[in-house]
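Everything below concerns the one structure shown next.
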2 protein chains.
Amino acid sequence: MKGLTIGQIAKQANVTPDTIRLYERYGLLDTPSRSMSGYRQYPEASVIHLRFILRAKAIGFTLKEIGEILALRKTSIHTCDDVRKKAEIKHQQILGKLDELRKLEVALRTLIDTCETHDPNDLCPIITALEQADKTQGSK
Amino acid sequence: MKGLTIGQIAKQANVTPDTIRLYERYGLLDTPSRSMSGYRQYPEASVIHLRFILRAKAIGFTLKEIGEILALRKTSIHTCDDVRKKAEIKHQQILGKLDELRKLEVALRTLIDTCETHDPNDLCPIITALEQADKTQGSK
DNA sequence: CTTGACCTTAGAGTGTAGTCCATGGTTTAT
DNA sequence: ATAAACCATGGACTACACTCTAAGGTCAAG
């Protein structure tokens with residue numbers, strides 16, 4: 001048996017074999033070669049590829065989006081312009097997400113700060129802050 | 001008809017009546033009183049309550065977590081600590097996501113830069129750029 | 001040469017957060 | 001008085017990302 005089994009790369013990437021088969025079906029991983037008995041045989045590089053997927057997922061990309069990012073890799077030289085444009089769109093989306101997340105972070109930090117300095121006799125300021133945000137920040 | 005209809009509070013909170021019924025089933029909204037014909041009748045305060053839910057959701061809480069927070073609010077002042085701890089856990093998660101997102105932004109920007117300056121005689125540099133992103137950003 | 005850990009497939013089930021539908025009753029405006 | 005717009009219910013459906021099951025084949029150790 002040359003190459004790694006599905007269980008071996010699964011363990012190295014800290015996922016289940018099921019997840020890897022799923023990613024394969026979703027086109028995130030190339031269909032690997034098979035042993036004579038039908039076992040999947042992965043090269044070492046698959047673990048790196050898999051970790052790339054997991055990192056992208058961890059920051060909030062859907063599997064579909066990750067598929068699009070990975071598809072950039074497969075596109076031929078002749079469409080390099082299209083590839084770059086796709087990458088740029090992704091980049092803009094990432095910048096947008098960063099912006100949203102930063103706002104979220106500030107909002108939540110402010111809430112916690114308020115909470116830490118609050119008089120124990122008062123009501124929980126996180127709840128009152130959320131309620132007041134309704135009033136001060138108006139409709140959406 | 002005293003009180004607001006489901007459609008009226010839905011419009012004020014910018015959600016659908018379906019969503020409100022769902023929140024009711026999930027225990028996030030008190031079951032409202034009914035008119036003689038069976039229509040839900042909401043007090044004005046329900047809009048505030050609903051916006052509380054939506055804001056908490058926007059900050060990154062799941063409906064389940066919001067349910068827990070609302071339950072805490074009903075019990076007593078002494079559970080403020082629990083609310084703060086939940087908020088702190090969320091905050092840490094957001095910081096982690098921000099970090100990962102920044103890394104991905106750099107990786108993708110690098111990819112685009114490389115692509116823009118690449119020699120048309122070379123292979124599309126996207127392959128190498130993505131692979132290098134894998135290696136430089138290490139394991140998880 | 002059997003046992004147990006692994007592999008294969010297709011397909012069903014889970015949880016989240018809605019969204020849509022059919023069917024029927026109610027309210028409101030013209 | 002009738003049409004449009006609303007409300008009610010239960011249940012089906014969606015998308016996402018797994019996760020598990022059944023039923024079987026394979027491989028290494030003792």
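All residue names refer to the structure tokens as shown: chains lettered A, B, ... in order, residues numbered from 1 in each chain, ligands numbered from 1 in order.
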Fewer than 2 positions away in the same chain doesn't count, so skip those; otherwise give me all residues within 10 Å of range 62-64 of chain B, counting only C-alpha atoms (C1' of nucleotides), as JSON, numbers by chain.
-> {"B": [23, 26, 27, 28, 53, 54, 56, 57, 58, 59, 60, 66, 67, 68, 69, 70], "C": [16, 17]}
Hey, can you spit out that residue selection with N, CA and C atoms (P, O5', C5', C4', C3', O3' and C1' of nucleotides) as a PDB file, in the first residue's frame?
ATOM      1  N   TYR B  23     -39.602  31.891  16.811  1.00  0.00           N
ATOM      2  CA  TYR B  23     -39.015  32.320  18.079  1.00  0.00           C
ATOM      3  C   TYR B  23     -39.945  31.982  19.244  1.00  0.00           C
ATOM      4  N   TYR B  26     -39.525  28.399  19.953  1.00  0.00           N
ATOM      5  CA  TYR B  26     -38.233  28.172  20.586  1.00  0.00           C
ATOM      6  C   TYR B  26     -38.178  28.767  21.991  1.00  0.00           C
ATOM      7  N   GLY B  27     -39.239  29.401  22.415  1.00  0.00           N
ATOM      8  CA  GLY B  27     -39.286  29.950  23.769  1.00  0.00           C
ATOM      9  C   GLY B  27     -38.567  31.273  23.940  1.00  0.00           C
ATOM     10  N   LEU B  28     -38.273  31.949  22.827  1.00  0.00           N
ATOM     11  CA  LEU B  28     -37.577  33.241  22.932  1.00  0.00           C
ATOM     12  C   LEU B  28     -38.562  34.380  23.140  1.00  0.00           C
ATOM     13  N   ILE B  53     -33.415  40.214  20.850  1.00  0.00           N
ATOM     14  CA  ILE B  53     -33.045  38.927  20.264  1.00  0.00           C
ATOM     15  C   ILE B  53     -32.203  39.141  19.003  1.00  0.00           C
ATOM     16  N   LEU B  54     -32.649  40.042  18.158  1.00  0.00           N
ATOM     17  CA  LEU B  54     -31.958  40.267  16.894  1.00  0.00           C
ATOM     18  C   LEU B  54     -30.560  40.851  17.097  1.00  0.00           C
ATOM     19  N   ALA B  56     -28.710  40.447  19.803  1.00  0.00           N
ATOM     20  CA  ALA B  56     -27.880  39.385  20.375  1.00  0.00           C
ATOM     21  C   ALA B  56     -27.430  38.435  19.263  1.00  0.00           C
ATOM     22  N   LYS B  57     -28.335  38.188  18.328  1.00  0.00           N
ATOM     23  CA  LYS B  57     -28.019  37.320  17.200  1.00  0.00           C
ATOM     24  C   LYS B  57     -26.921  37.954  16.339  1.00  0.00           C
ATOM     25  N   ALA B  58     -27.057  39.263  16.108  1.00  0.00           N
ATOM     26  CA  ALA B  58     -26.077  39.981  15.282  1.00  0.00           C
ATOM     27  C   ALA B  58     -24.702  39.956  15.928  1.00  0.00           C
ATOM     28  N   ILE B  59     -24.672  39.914  17.256  1.00  0.00           N
ATOM     29  CA  ILE B  59     -23.408  39.886  17.984  1.00  0.00           C
ATOM     30  C   ILE B  59     -22.794  38.495  17.951  1.00  0.00           C
ATOM     31  N   GLY B  60     -23.563  37.533  17.498  1.00  0.00           N
ATOM     32  CA  GLY B  60     -22.980  36.210  17.292  1.00  0.00           C
ATOM     33  C   GLY B  60     -23.506  35.117  18.199  1.00  0.00           C
ATOM     34  N   ILE B  66     -29.273  32.632  23.144  1.00  0.00           N
ATOM     35  CA  ILE B  66     -30.146  33.761  23.473  1.00  0.00           C
ATOM     36  C   ILE B  66     -31.241  33.298  24.425  1.00  0.00           C
ATOM     37  N   GLY B  67     -31.748  32.120  24.164  1.00  0.00           N
ATOM     38  CA  GLY B  67     -32.746  31.549  25.064  1.00  0.00           C
ATOM     39  C   GLY B  67     -32.207  31.413  26.473  1.00  0.00           C
ATOM     40  N   GLU B  68     -30.963  30.991  26.574  1.00  0.00           N
ATOM     41  CA  GLU B  68     -30.336  30.838  27.891  1.00  0.00           C
ATOM     42  C   GLU B  68     -30.170  32.193  28.570  1.00  0.00           C
ATOM     43  N   ILE B  69     -29.747  33.174  27.797  1.00  0.00           N
ATOM     44  CA  ILE B  69     -29.570  34.521  28.354  1.00  0.00           C
ATOM     45  C   ILE B  69     -30.916  35.069  28.843  1.00  0.00           C
ATOM     46  N   LEU B  70     -31.940  34.859  28.032  1.00  0.00           N
ATOM     47  CA  LEU B  70     -33.263  35.348  28.423  1.00  0.00           C
ATOM     48  C   LEU B  70     -33.753  34.636  29.672  1.00  0.00           C
TER      49      LEU B  70
ATOM     50  P    DT C  16     -29.148  23.076  17.644  1.00  0.00           P
ATOM     51  O5'  DT C  16     -29.056  24.172  16.488  1.00  0.00           O
ATOM     52  C5'  DT C  16     -27.804  24.450  15.879  1.00  0.00           C
ATOM     53  C4'  DT C  16     -28.027  25.415  14.752  1.00  0.00           C
ATOM     54  C3'  DT C  16     -29.093  26.479  15.050  1.00  0.00           C
ATOM     55  O3'  DT C  16     -28.506  27.761  14.858  1.00  0.00           O
ATOM     56  C1'  DT C  16     -29.477  25.459  12.946  1.00  0.00           C
ATOM     57  P    DA C  17     -29.247  29.025  15.489  1.00  0.00           P
ATOM     58  O5'  DA C  17     -30.148  29.521  14.284  1.00  0.00           O
ATOM     59  C5'  DA C  17     -29.523  29.991  13.097  1.00  0.00           C
ATOM     60  C4'  DA C  17     -30.570  30.180  12.040  1.00  0.00           C
ATOM     61  C3'  DA C  17     -31.861  30.869  12.544  1.00  0.00           C
ATOM     62  O3'  DA C  17     -32.237  31.896  11.639  1.00  0.00           O
ATOM     63  C1'  DA C  17     -32.372  28.965  11.340  1.00  0.00           C
TER      64       DA C  17
END
Interface residues on chain A facing chain D, 8 Å, only C-alpha atoms (C1' of nucleotides), written as an MDAnalysis selection string | chainID A and resid 18:19 37 62
Dump as a tab-separated table the rows for residues of chain C within 12 Å of chain A: closest atom pair and distance in Å with one decimal, only C-alpha atoms (C1' of nucleotides) counted, ordered by chain and rising residue number.
residue	atom	partner	partner_atom	distance
C:DA5	C1'	A:Gly7	CA	11.1
C:DC6	C1'	A:Gly7	CA	8.1
C:DC7	C1'	A:Tyr39	CA	6.2
C:DT8	C1'	A:Gly38	CA	7.2
C:DT9	C1'	A:Gly38	CA	11.2
Taking C-alpha atoms (C1' of nucleotides) for each residue, export the selection above as a CSV table (one decimal), in the first residue's frame.
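part_28.csv written:
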chain,number,residue,atom,x,y,z
C,5,DA,C1',-9.4,-2.7,13.0
C,6,DC,C1',-9.7,-0.7,9.0
C,7,DC,C1',-11.8,0.2,4.3
C,8,DT,C1',-16.0,0.6,0.7
C,9,DT,C1',-20.8,2.3,-0.7
So these two share a sequence; what Cα RMSD do you get laying chain B over chain A, all Cα, in order, least squares?
->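 In short, the RMSD is 3.4 Å.
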Alpha helix (DSSP H) call set, DSSP backbone run, range 24-138 of chain A, as an MDAnalysis selection string = chainID A and resid 24:25 45:58 63:74 80:116 125:136
What does the distance between CA of Leu111 in chain B and CA of Arg21 in chain A come to in Å, to one decimal place?
->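 The value is 28.2 Å.
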